[in-house]
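Q: So that you have it, the file is data.cif, and it contains mmCIF, C-alpha atoms:
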```cif
data_query
#
loop_
_atom_site.group_PDB
_atom_site.id
_atom_site.type_symbol
_atom_site.label_atom_id
_atom_site.label_comp_id
_atom_site.auth_asym_id
_atom_site.auth_seq_id
_atom_site.Cartn_x
_atom_site.Cartn_y
_atom_site.Cartn_z
ATOM 1 C CA MET A 1 -17.196 -0.472 -14.763
ATOM 2 C CA ALA A 2 -15.641 3.074 -14.746
ATOM 3 C CA LEU A 3 -14.433 2.643 -18.379
ATOM 4 C CA ARG A 4 -17.900 1.500 -19.505
ATOM 5 C CA LEU A 5 -19.510 4.559 -17.907
ATOM 6 C CA CYS A 6 -16.949 6.821 -19.623
ATOM 7 C CA LEU A 7 -17.626 5.331 -23.084
ATOM 8 C CA ARG A 8 -21.365 5.686 -22.550
ATOM 9 C CA ARG A 9 -20.834 9.331 -21.571
ATOM 10 C CA TYR A 10 -18.718 9.914 -24.704
ATOM 11 C CA ASN A 11 -21.375 8.400 -26.998
ATOM 12 C CA LEU A 12 -24.052 10.577 -25.404
ATOM 13 C CA LEU A 13 -22.022 13.749 -25.750
ATOM 14 C CA THR A 14 -21.042 13.128 -29.410
ATOM 15 C CA SER A 15 -24.460 11.961 -30.613
ATOM 16 C CA SER A 16 -25.413 15.534 -31.435
ATOM 17 C CA ILE A 17 -22.744 15.791 -34.165
ATOM 18 C CA ARG A 18 -23.793 12.633 -35.943
ATOM 19 C CA PRO A 19 -26.046 13.012 -39.010
ATOM 20 C CA LYS A 20 -29.511 11.817 -38.174
ATOM 21 C CA GLN A 21 -31.182 12.112 -41.660
ATOM 22 C CA ARG A 22 -31.157 8.951 -43.724
ATOM 23 C CA TYR A 23 -31.448 8.909 -47.553
ATOM 24 C CA LEU A 24 -33.074 6.124 -49.465
ATOM 25 C CA SER A 25 -31.980 7.266 -52.974
ATOM 26 C CA SER A 26 -28.874 6.058 -54.648
ATOM 27 C CA GLU A 27 -27.456 9.577 -54.711
ATOM 28 C CA PRO A 28 -25.013 10.451 -51.990
ATOM 29 C CA PRO A 29 -26.315 12.736 -49.262
ATOM 30 C CA PRO A 30 -25.519 16.394 -49.563
ATOM 31 C CA PHE A 31 -22.287 17.507 -47.992
ATOM 32 C CA ARG A 32 -22.746 18.867 -44.489
ATOM 33 C CA LYS A 33 -19.937 20.411 -42.573
ATOM 34 C CA GLN A 34 -19.327 18.587 -39.309
ATOM 35 C CA LYS A 35 -19.396 20.561 -36.133
ATOM 36 C CA SER A 36 -16.077 20.879 -34.436
ATOM 37 C CA GLY A 37 -15.612 19.710 -30.839
ATOM 38 C CA GLY A 38 -15.298 15.903 -31.119
ATOM 39 C CA LEU A 39 -11.687 15.783 -29.938
ATOM 40 C CA PRO A 40 -12.195 18.048 -26.910
ATOM 41 C CA ILE A 41 -15.188 15.976 -25.869
ATOM 42 C CA LEU A 42 -13.137 12.775 -26.128
ATOM 43 C CA LEU A 43 -10.318 14.318 -24.094
ATOM 44 C CA ALA A 44 -12.795 15.522 -21.492
ATOM 45 C CA SER A 45 -14.324 12.048 -21.237
ATOM 46 C CA LEU A 46 -10.921 10.426 -20.895
ATOM 47 C CA GLY A 47 -10.045 12.936 -18.206
ATOM 48 C CA PHE A 48 -13.233 12.113 -16.363
ATOM 49 C CA CYS A 49 -12.449 8.368 -16.595
ATOM 50 C CA THR A 50 -8.942 8.913 -15.275
ATOM 51 C CA ALA A 51 -10.235 10.957 -12.344
ATOM 52 C CA ALA A 52 -12.935 8.371 -11.576
ATOM 53 C CA ALA A 53 -10.425 5.513 -11.692
ATOM 54 C CA GLY A 54 -8.029 7.452 -9.459
ATOM 55 C CA ALA A 55 -10.760 8.181 -6.940
ATOM 56 C CA SER A 56 -11.822 4.513 -6.938
ATOM 57 C CA PHE A 57 -8.236 3.379 -6.311
ATOM 58 C CA TRP A 58 -7.770 5.932 -3.524
ATOM 59 C CA PHE A 59 -10.994 4.886 -1.799
ATOM 60 C CA SER A 60 -10.053 1.185 -2.021
ATOM 61 C CA ASP A 61 -6.624 1.888 -0.537
ATOM 62 C CA TYR A 62 -8.217 3.990 2.207
ATOM 63 C CA GLN A 63 -10.615 1.160 3.083
ATOM 64 C CA LYS A 64 -7.746 -1.342 3.349
ATOM 65 C CA GLN A 65 -5.780 0.958 5.645
ATOM 66 C CA ARG A 66 -8.849 1.555 7.822
ATOM 67 C CA ILE A 67 -9.506 -2.195 8.192
ATOM 68 C CA GLU A 68 -5.865 -2.838 9.104
ATOM 69 C CA GLN A 69 -5.989 -0.079 11.715
ATOM 70 C CA GLN A 70 -9.162 -1.537 13.224
ATOM 71 C CA LYS A 71 -7.487 -4.945 13.463
ATOM 72 C CA LYS A 72 -4.483 -3.438 15.258
ATOM 73 C CA GLU A 73 -6.728 -1.575 17.698
ATOM 74 C CA GLU A 74 -8.739 -4.723 18.468
ATOM 75 C CA LEU A 75 -5.529 -6.692 19.061
ATOM 76 C CA GLU A 76 -4.306 -4.035 21.499
ATOM 77 C CA ARG A 77 -7.634 -4.096 23.355
ATOM 78 C CA GLN A 78 -7.413 -7.891 23.707
ATOM 79 C CA LYS A 79 -3.827 -7.675 24.970
ATOM 80 C CA ASN A 80 -4.744 -5.072 27.568
ATOM 81 C CA LYS A 81 -7.663 -7.046 29.017
ATOM 82 C CA PRO A 82 -6.816 -8.001 32.633
ATOM 83 C CA ASN A 83 -6.443 -11.638 33.680
ATOM 84 C CA ASN A 84 -6.782 -12.927 30.127
ATOM 85 C CA VAL A 85 -4.342 -14.872 28.022
ATOM 86 C CA MET A 86 -3.795 -13.530 24.528
ATOM 87 C CA SER A 87 -1.175 -15.553 22.711
ATOM 88 C CA LYS A 88 -0.931 -17.545 19.539
ATOM 89 C CA GLY A 89 -2.654 -20.900 19.783
ATOM 90 C CA LYS A 90 -4.199 -20.268 23.202
ATOM 91 C CA PRO A 91 -7.855 -19.597 23.903
ATOM 92 C CA LEU A 92 -8.923 -16.817 26.221
ATOM 93 C CA LEU A 93 -9.512 -18.740 29.458
ATOM 94 C CA GLY A 94 -9.166 -17.943 33.103
ATOM 95 C CA GLY A 95 -9.854 -14.778 34.993
ATOM 96 C CA PRO A 96 -10.639 -13.258 38.349
ATOM 97 C CA PHE A 97 -12.829 -15.015 40.889
ATOM 98 C CA VAL A 98 -13.859 -14.565 44.512
ATOM 99 C CA LEU A 99 -14.926 -17.722 46.366
ATOM 100 C CA VAL A 100 -14.977 -19.299 49.827
ATOM 101 C CA ASP A 101 -12.591 -22.029 50.987
ATOM 102 C CA THR A 102 -13.379 -24.951 53.296
ATOM 103 C CA GLU A 103 -12.413 -22.889 56.355
ATOM 104 C CA GLY A 104 -14.963 -20.217 55.487
ATOM 105 C CA ASN A 105 -12.350 -17.710 54.310
ATOM 106 C CA THR A 106 -12.988 -15.516 51.297
ATOM 107 C CA VAL A 107 -10.267 -16.045 48.690
ATOM 108 C CA SER A 108 -9.579 -14.820 45.175
ATOM 109 C CA ASP A 109 -7.448 -15.817 42.227
ATOM 110 C CA LYS A 110 -4.744 -13.427 43.473
ATOM 111 C CA ASP A 111 -4.223 -15.583 46.569
ATOM 112 C CA TYR A 112 -2.794 -18.321 44.345
ATOM 113 C CA LEU A 113 -0.376 -16.260 42.287
ATOM 114 C CA GLY A 114 3.105 -17.791 42.341
ATOM 115 C CA LYS A 115 1.760 -21.353 42.290
ATOM 116 C CA TRP A 116 1.016 -23.893 39.583
ATOM 117 C CA LEU A 117 -2.662 -24.828 39.782
ATOM 118 C CA LEU A 118 -4.745 -27.752 38.573
ATOM 119 C CA ILE A 119 -8.377 -26.588 38.714
ATOM 120 C CA TYR A 120 -11.368 -28.880 38.365
ATOM 121 C CA PHE A 121 -15.069 -27.905 38.495
ATOM 122 C CA GLY A 122 -17.447 -30.527 39.902
ATOM 123 C CA PHE A 123 -19.791 -31.348 42.784
ATOM 124 C CA THR A 124 -19.590 -33.635 45.803
ATOM 125 C CA PHE A 125 -22.825 -35.520 44.998
ATOM 126 C CA CYS A 126 -21.431 -36.638 41.649
ATOM 127 C CA PRO A 127 -21.804 -40.448 41.571
ATOM 128 C CA ASP A 128 -18.783 -41.442 39.450
ATOM 129 C CA ILE A 129 -17.162 -38.970 37.030
ATOM 130 C CA CYS A 130 -15.976 -36.407 39.570
ATOM 131 C CA PRO A 131 -14.359 -38.991 41.878
ATOM 132 C CA GLU A 132 -12.604 -40.535 38.875
ATOM 133 C CA GLU A 133 -11.286 -37.164 37.700
ATOM 134 C CA LEU A 134 -10.114 -36.207 41.189
ATOM 135 C CA ASP A 135 -8.326 -39.576 41.453
ATOM 136 C CA LYS A 136 -6.569 -38.810 38.146
ATOM 137 C CA ILE A 137 -5.563 -35.377 39.383
ATOM 138 C CA THR A 138 -4.205 -36.943 42.564
ATOM 139 C CA GLU A 139 -2.122 -39.411 40.561
ATOM 140 C CA THR A 140 -0.911 -36.657 38.223
ATOM 141 C CA VAL A 141 0.227 -34.523 41.148
ATOM 142 C CA ASN A 142 2.030 -37.510 42.676
ATOM 143 C CA ILE A 143 3.884 -38.192 39.413
ATOM 144 C CA VAL A 144 5.028 -34.574 39.165
ATOM 145 C CA ASP A 145 5.996 -34.506 42.862
ATOM 146 C CA ASN A 146 8.391 -37.407 42.225
ATOM 147 C CA LEU A 147 10.192 -35.577 39.417
ATOM 148 C CA PRO A 148 13.510 -34.002 40.470
ATOM 149 C CA ASN A 149 13.414 -30.221 40.904
ATOM 150 C CA ALA A 150 9.799 -30.002 39.758
ATOM 151 C CA PRO A 151 7.669 -27.299 41.412
ATOM 152 C CA LYS A 152 4.735 -28.338 43.553
ATOM 153 C CA ILE A 153 1.281 -28.225 42.018
ATOM 154 C CA GLN A 154 -1.724 -26.967 43.946
ATOM 155 C CA PRO A 155 -4.894 -28.940 43.061
ATOM 156 C CA ILE A 156 -8.150 -26.999 43.461
ATOM 157 C CA PHE A 157 -11.735 -28.262 43.409
ATOM 158 C CA ILE A 158 -14.444 -25.662 42.651
ATOM 159 C CA SER A 159 -18.046 -26.675 43.260
ATOM 160 C CA VAL A 160 -20.744 -26.063 40.654
ATOM 161 C CA ASP A 161 -23.429 -27.001 43.203
ATOM 162 C CA PRO A 162 -23.512 -24.132 45.713
ATOM 163 C CA ARG A 163 -26.957 -25.155 46.994
ATOM 164 C CA ARG A 164 -25.655 -28.357 48.578
ATOM 165 C CA ASP A 165 -21.850 -28.115 48.655
ATOM 166 C CA THR A 166 -21.093 -26.325 51.906
ATOM 167 C CA PRO A 167 -17.467 -25.669 52.945
ATOM 168 C CA GLU A 168 -17.717 -28.369 55.603
ATOM 169 C CA LEU A 169 -19.078 -30.953 53.160
ATOM 170 C CA ILE A 170 -16.391 -30.197 50.580
ATOM 171 C CA LYS A 171 -13.657 -30.485 53.189
ATOM 172 C CA THR A 172 -14.856 -33.952 54.172
ATOM 173 C CA TYR A 173 -15.279 -34.981 50.537
ATOM 174 C CA LEU A 174 -11.710 -34.051 49.585
ATOM 175 C CA GLU A 175 -10.179 -36.131 52.355
ATOM 176 C CA ASP A 176 -10.307 -39.123 49.992
ATOM 177 C CA PHE A 177 -7.998 -37.438 47.478
ATOM 178 C CA HIS A 178 -4.655 -35.660 47.454
ATOM 179 C CA PRO A 179 -3.893 -34.028 50.817
ATOM 180 C CA ARG A 180 -2.999 -30.707 49.172
ATOM 181 C CA PHE A 181 -6.445 -30.379 47.576
ATOM 182 C CA ILE A 182 -8.172 -27.054 48.239
ATOM 183 C CA GLY A 183 -11.956 -26.902 47.978
ATOM 184 C CA LEU A 184 -13.828 -23.742 46.991
ATOM 185 C CA THR A 185 -17.498 -22.825 46.823
ATOM 186 C CA GLY A 186 -19.534 -19.619 47.034
ATOM 187 C CA THR A 187 -22.803 -18.001 46.200
ATOM 188 C CA SER A 188 -24.592 -18.803 42.968
ATOM 189 C CA ASP A 189 -23.362 -15.539 41.426
ATOM 190 C CA GLN A 190 -19.770 -16.191 42.485
ATOM 191 C CA ILE A 191 -19.847 -19.654 40.928
ATOM 192 C CA LYS A 192 -21.329 -18.250 37.730
ATOM 193 C CA ARG A 193 -18.507 -15.724 37.412
ATOM 194 C CA ALA A 194 -15.823 -18.348 38.009
ATOM 195 C CA THR A 195 -17.303 -20.827 35.517
ATOM 196 C CA LYS A 196 -17.771 -18.070 32.943
ATOM 197 C CA ALA A 197 -14.105 -17.117 33.218
ATOM 198 C CA TYR A 198 -13.074 -20.704 32.412
ATOM 199 C CA ARG A 199 -15.878 -21.307 29.884
ATOM 200 C CA VAL A 200 -17.244 -24.148 32.017
ATOM 201 C CA TYR A 201 -20.787 -25.311 31.333
ATOM 202 C CA TYR A 202 -23.016 -26.537 34.152
ATOM 203 C CA SER A 203 -26.733 -27.104 34.551
ATOM 204 C CA GLU A 204 -28.668 -28.261 37.584
ATOM 205 C CA GLY A 205 -31.032 -31.134 36.840
ATOM 206 C CA PRO A 206 -34.614 -31.445 38.107
ATOM 207 C CA ASP A 207 -35.352 -32.362 41.714
ATOM 208 C CA VAL A 208 -38.378 -34.496 40.835
ATOM 209 C CA ALA A 209 -39.027 -36.018 44.240
ATOM 210 C CA GLY A 210 -38.323 -32.797 46.127
ATOM 211 C CA THR A 211 -35.659 -34.542 48.218
ATOM 212 C CA ASN A 212 -32.771 -32.276 47.141
ATOM 213 C CA GLU A 213 -31.319 -35.147 45.141
ATOM 214 C CA TYR A 214 -30.409 -34.057 41.634
ATOM 215 C CA ILE A 215 -27.531 -34.338 39.185
ATOM 216 C CA VAL A 216 -25.532 -31.374 37.893
ATOM 217 C CA ASP A 217 -24.459 -31.721 34.279
ATOM 218 C CA HIS A 218 -21.112 -29.968 33.722
ATOM 219 C CA SER A 219 -17.963 -29.781 31.619
ATOM 220 C CA ILE A 220 -15.330 -32.410 32.423
ATOM 221 C CA VAL A 221 -12.092 -30.470 32.091
ATOM 222 C CA THR A 222 -9.036 -29.884 34.269
ATOM 223 C CA PHE A 223 -7.174 -26.591 33.812
ATOM 224 C CA LEU A 224 -3.464 -25.942 34.337
ATOM 225 C CA VAL A 225 -2.690 -22.371 35.446
ATOM 226 C CA ASP A 226 0.847 -20.993 35.692
ATOM 227 C CA PRO A 227 2.303 -18.887 38.549
ATOM 228 C CA LYS A 228 1.296 -15.679 36.740
ATOM 229 C CA GLY A 229 -2.337 -16.726 36.918
ATOM 230 C CA GLN A 230 -2.562 -17.502 33.226
ATOM 231 C CA PHE A 231 -4.206 -20.569 31.737
ATOM 232 C CA CYS A 232 -1.717 -22.654 29.769
ATOM 233 C CA GLN A 233 -3.147 -26.174 29.271
ATOM 234 C CA HIS A 234 -6.316 -28.206 29.713
ATOM 235 C CA PHE A 235 -6.911 -31.937 30.103
ATOM 236 C CA GLY A 236 -10.053 -33.764 29.047
ATOM 237 C CA GLN A 237 -11.671 -36.880 30.420
ATOM 238 C CA ARG A 238 -9.584 -39.115 28.139
ATOM 239 C CA SER A 239 -6.234 -37.739 29.327
ATOM 240 C CA SER A 240 -4.327 -40.199 31.504
ATOM 241 C CA PRO A 241 -2.283 -39.071 34.528
ATOM 242 C CA GLU A 242 0.918 -39.954 32.653
ATOM 243 C CA GLU A 243 -0.064 -37.853 29.640
ATOM 244 C CA ALA A 244 -1.078 -34.946 31.865
ATOM 245 C CA ALA A 245 2.182 -35.105 33.842
ATOM 246 C CA SER A 246 4.207 -35.124 30.621
ATOM 247 C CA LYS A 247 2.424 -32.038 29.272
ATOM 248 C CA ILE A 248 2.777 -30.294 32.623
ATOM 249 C CA THR A 249 6.558 -30.788 32.615
ATOM 250 C CA ASP A 250 6.636 -29.368 29.079
ATOM 251 C CA LYS A 251 4.851 -26.278 30.370
ATOM 252 C CA PHE A 252 7.360 -26.043 33.232
ATOM 253 C CA ASN A 253 10.177 -25.927 30.674
ATOM 254 C CA GLU A 254 8.416 -23.341 28.539
ATOM 255 C CA PHE A 255 7.743 -21.137 31.569
ATOM 256 C CA TYR A 256 11.188 -21.292 33.174
ATOM 257 C CA ASN A 257 13.168 -21.485 29.910
ATOM 258 C CA PRO A 258 11.232 -19.307 27.443
ATOM 259 C CA ASP A 259 14.248 -19.049 25.099
ATOM 260 C CA GLY A 260 14.573 -22.816 24.841
#
```
Represent the supplied structure as C-alpha cells.

A:
Amino acid sequence: MALRLCLRRYNLLTSSIRPKQRYLSSEPPPFRKQKSGGLPILLASLGFCTAAAGASFWFSDYQKQRIEQQKKEELERQKNKPNNVMSKGKPLLGGPFVLVDTEGNTVSDKDYLGKWLLIYFGFTFCPDICPEELDKITETVNIVDNLPNAPKIQPIFISVDPRRDTPELIKTYLEDFHPRFIGLTGTSDQIKRATKAYRVYYSEGPDVAGTNEYIVDHSIVTFLVDPKGQFCQHFGQRSSPEEAASKITDKFNEFYNPDG
C-alpha cells in the first residue's frame, strides 16, 4: 500500500514535465527541451516511501510490544488476586466465604485452612440427588480413610436453601451420612457469595401451593480443596467413589511431592 501511494505521488509530481500537445500530422513534433528535475523528484519520492515504510514498521512493532505488556500486566493481576487459583489447566474457583455452622457459630474459609475439604452445595429437602451425592462423598471419605498414611478429609455440606435449611435442620439431616460432615448455611447474601466463588448455579422453584414446598435447581458438583484453601479438583454426578478416591490420592501426591 505504501509503495502504491509513492508511485502515485511520483506520477503526479512528474506529470508537469510530460508533453501534453499531440500532433496528428506525420511530421515529428518540434523539439522541446525537457525541464530538469525528474531525478530529484524520483529520489524525493523514494525517500518518502522509505520513511513511510519505516514508520509503518515501527508502529507495528510498537503495537506488538504494547499488547505483550498488557498481557503480562493482566497475568500479574490474576496471580495477585486473593483466594483464587491461577495455574495452567485449572479454572478460577473457590474463594472467601462467611457462613454459619450447625452450632450457630459464624465461620469462614480461613477456619478450614490446613485441611483437605470435599465441599458439596445442596439442600435438605432434596428428594433424591443430594442424598445420593452425600452417600457417595461418605463412601469416598471412607475409602481414603482406609489408605495408609493418607490425610483425613473434611466433608462439608453448604445449603443453597437458606429460607428453610436452619442450622438445627441441617445438623439432623447430616446424621445419616459421614460423622465428620460439617453443615453450613447463612443469609441469602452469604449463600450467594459462596456459590459465586465456586461458580455454583442454583434457582429456587415456585411455591405454587404456598406451603413452603418447592424444589431448588442447582449444580451437582463436589469440590476438592487443598490445605492452602485452593481448589484442585471437582467431581461430577457420574464420578464413582472409587474414581474420586483415586483422583484425590493423586492430588495428595502432587501436593506433598511437587517435584515428583

Q: Run the PyMOL selection byres ((chain A and resi 166) around 12) on the file and write out the hits as a JSON list (two decimals) with C-alpha atoms, in the frame of the given file.

A:
```
[["chain", "number", "residue", "atom", "x", "y", "z"],
["A", 99, "LEU", "CA", -14.93, -17.72, 46.37],
["A", 100, "VAL", "CA", -14.98, -19.30, 49.83],
["A", 101, "ASP", "CA", -12.59, -22.03, 50.99],
["A", 102, "THR", "CA", -13.38, -24.95, 53.30],
["A", 103, "GLU", "CA", -12.41, -22.89, 56.36],
["A", 104, "GLY", "CA", -14.96, -20.22, 55.49],
["A", 123, "PHE", "CA", -19.79, -31.35, 42.78],
["A", 124, "THR", "CA", -19.59, -33.64, 45.80],
["A", 125, "PHE", "CA", -22.82, -35.52, 45.00],
["A", 158, "ILE", "CA", -14.44, -25.66, 42.65],
["A", 159, "SER", "CA", -18.05, -26.68, 43.26],
["A", 160, "VAL", "CA", -20.74, -26.06, 40.65],
["A", 161, "ASP", "CA", -23.43, -27.00, 43.20],
["A", 162, "PRO", "CA", -23.51, -24.13, 45.71],
["A", 163, "ARG", "CA", -26.96, -25.16, 46.99],
["A", 164, "ARG", "CA", -25.66, -28.36, 48.58],
["A", 165, "ASP", "CA", -21.85, -28.12, 48.66],
["A", 167, "PRO", "CA", -17.47, -25.67, 52.94],
["A", 168, "GLU", "CA", -17.72, -28.37, 55.60],
["A", 169, "LEU", "CA", -19.08, -30.95, 53.16],
["A", 170, "ILE", "CA", -16.39, -30.20, 50.58],
["A", 171, "LYS", "CA", -13.66, -30.48, 53.19],
["A", 172, "THR", "CA", -14.86, -33.95, 54.17],
["A", 173, "TYR", "CA", -15.28, -34.98, 50.54],
["A", 183, "GLY", "CA", -11.96, -26.90, 47.98],
["A", 184, "LEU", "CA", -13.83, -23.74, 46.99],
["A", 185, "THR", "CA", -17.50, -22.82, 46.82],
["A", 186, "GLY", "CA", -19.53, -19.62, 47.03],
["A", 187, "THR", "CA", -22.80, -18.00, 46.20]]
```

Q: Of the residues A:Gly94, A:Pro148, A:Pro258, A:Pro127, which is the one nearest to Ile215 in chain A, using only C-alpha atoms?

A: A:Pro127

Q: Evaluate the PyMOL selection byres ((chain A and resi 250-255) around 10) against this structure - the residues, as a ChimeraX atom specification, please.

A: /A:116,150-151,224-228,232-233,244-249,256-260

Q: Could you give me, as JSON lines, every range 120-147 of chain A residue with an atom at most 10 Å from range 197-206 of chain A, plus its closest atom pair and distance in Å to one decimal, counting only C-alpha atoms, rows ordered by chain then number?

A:
```
{"residue": "A:Tyr120", "atom": "CA", "partner": "A:Val200", "partner_atom": "CA", "distance": 9.9}
{"residue": "A:Phe121", "atom": "CA", "partner": "A:Val200", "partner_atom": "CA", "distance": 7.8}
{"residue": "A:Gly122", "atom": "CA", "partner": "A:Tyr202", "partner_atom": "CA", "distance": 8.9}
```

Q: Using all atoms listed in the file, which protein or nucleic acid residues come within 10 Å of Asp111 in chain A? Drop anything in the same chain fewer than 4 positions from it, and give the result as a ChimeraX atom specification.

A: /A:98,106-107,115,229

Q: Quick check, in Å to one decimal: how far apart do CA of Glu242 in chain A and CA of Leu117 in chain A lie?

A: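 CA of Leu117 in chain A lies 17.1 Å from CA of Glu242 in chain A.
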
Q: Quote the spacing between CA of Gly114 in chain A and CA of Val144 in chain A in Å to one decimal place.

A: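 Interatomic distance here is 17.2 Å.
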